[in-house]
Amino acid sequence: MATTDTNVSAATLPVATGNKLRLGSLVALVIGSMVGSGVFSLPQNMAAGAGPLAILIGWAITAVGMLALVFVYQSLATRKPELDAGPYAYAKAGFGPFIGFNSAWGYWISAWVGNVSYAVIVFSALSYFFPAFGDGNTWQAVLGASILLWLIHVLVLAGIRQAAVVNLIVTVAKIAPIVLFVGVVAVAFKLQVWSLDFTGLGNASLGSITA
């Protein structure tokens, strides 16, 4: 009597394609996860605490560090293509389950802390229209942020496509002000104003570049 082999390789089974994201949605997902609330407040904060030269040096150091990180992940993805769970998989494969767990745990903490910062800056901005939100840390702002986060959670539970659409809208909302700002700066930029105190030495409260 012939028997049917039930141990079919997983690689030979059909893969559902209904939940796959297109390239545009994936790009929006990556950009949305990289662009945080800091990009909208850091320029002002940095300009208030440092001169142009110090800021440029800081951005240069940051750019070198980010490029180094990108090249590390590129190398890991090329050498270990079977590891497809991100930093957690690399940490676990290289240093064991404990370090892998700490990597995933740390990433999770950074994710929800990032959500808190998003909520604070959103309701801080809305306080221009609704003063009760204050600096984004009043009880009204906390209540509004909680409702907003739960709505996003419901959208994610509704399906990956719905979540991708929302993420695309949010990403466009993030990128549009940045593009607008760059365009305004390109038109209104005044070299004499920018270089008026390039090193910051004219303002003693800023300190020196090395201090």
# chains A, B, ... in the order shown; residues from 1 in each chain; ligands from 1
call {"tool": "select_by_dssp", "arguments": {"residues": "segment 30-101 of chain A", "states": "helix (DSSP H, G or I)", "output": "PyMOL selection string"}}
result
chain A and resi 30-34+38-49+52-79+87-95+97-101
call {"tool": "residues_around", "arguments": {"residues": "segment 101-110 of chain A", "least_positions_apart": "6", "cutoff": "8 Å", "atoms": "only C-alpha atoms", "output": "list in words"}}
result
Pro87, Tyr88, Ala91 and Lys92 of chain A
call {"tool": "write_last_selection", "arguments": {"atoms": "all heavy atoms", "output": "mmCIF file, in the first residue's frame"}}
result
data_model
loop_
_atom_site.group_PDB
_atom_site.id
_atom_site.type_symbol
_atom_site.label_atom_id
_atom_site.label_comp_id
_atom_site.auth_asym_id
_atom_site.auth_seq_id
_atom_site.Cartn_x
_atom_site.Cartn_y
_atom_site.Cartn_z
ATOM 1 N N PRO A 87 19.068 42.937 13.995
ATOM 2 C CA PRO A 87 20.142 42.976 15.006
ATOM 3 C C PRO A 87 20.083 41.836 16.007
ATOM 4 O O PRO A 87 21.119 41.350 16.458
ATOM 5 C CB PRO A 87 19.915 44.334 15.694
ATOM 6 C CG PRO A 87 19.209 45.160 14.673
ATOM 7 C CD PRO A 87 18.340 44.220 13.910
ATOM 8 N N TYR A 88 18.859 41.417 16.350
ATOM 9 C CA TYR A 88 18.709 40.309 17.303
ATOM 10 C C TYR A 88 19.389 39.051 16.789
ATOM 11 O O TYR A 88 20.124 38.380 17.532
ATOM 12 C CB TYR A 88 17.227 40.038 17.550
ATOM 13 C CG TYR A 88 16.947 38.666 18.110
ATOM 14 C CD1 TYR A 88 17.229 38.372 19.435
ATOM 15 C CD2 TYR A 88 16.422 37.655 17.297
ATOM 16 C CE1 TYR A 88 16.988 37.108 19.953
ATOM 17 C CE2 TYR A 88 16.172 36.401 17.803
ATOM 18 C CZ TYR A 88 16.459 36.124 19.126
ATOM 19 O OH TYR A 88 16.229 34.874 19.631
ATOM 20 N N ALA A 91 23.247 39.416 16.875
ATOM 21 C CA ALA A 91 23.763 39.361 18.242
ATOM 22 C C ALA A 91 23.686 37.949 18.808
ATOM 23 O O ALA A 91 24.627 37.477 19.468
ATOM 24 C CB ALA A 91 22.974 40.329 19.132
ATOM 25 N N LYS A 92 22.589 37.239 18.534
ATOM 26 C CA LYS A 92 22.438 35.872 19.033
ATOM 27 C C LYS A 92 23.443 34.934 18.383
ATOM 28 O O LYS A 92 24.057 34.097 19.067
ATOM 29 C CB LYS A 92 21.018 35.384 18.764
ATOM 30 C CG LYS A 92 20.760 33.965 19.259
ATOM 31 C CD LYS A 92 19.337 33.525 18.949
ATOM 32 C CE LYS A 92 19.098 32.096 19.419
ATOM 33 N NZ LYS A 92 17.726 31.636 19.094
#
call {"tool": "atom_distance", "arguments": {"atom1": "atom CA of Gln74 of chain A", "atom2": "atom CA of Gly38 of chain A"}}
result
25.7 Å
call {"tool": "residues_around", "arguments": {"residues": "Ala173 of chain A", "least_positions_apart": "5", "cutoff": "12 Å", "atoms": "only C-alpha atoms", "output": "list in words"}}
result
Ala28, Ile31, Gly32, Val35, Gly36, Ser37, Val166, Asn167, Leu168, Ile178, Val179 and Leu180 of chain A
call {"tool": "closest_residue", "arguments": {"among": "A:Ala158, A:Ile147, A:Ala89, A:Ala163", "to": "Leu26 of chain A", "atoms": "only C-alpha atoms"}}
result
A:Ala163
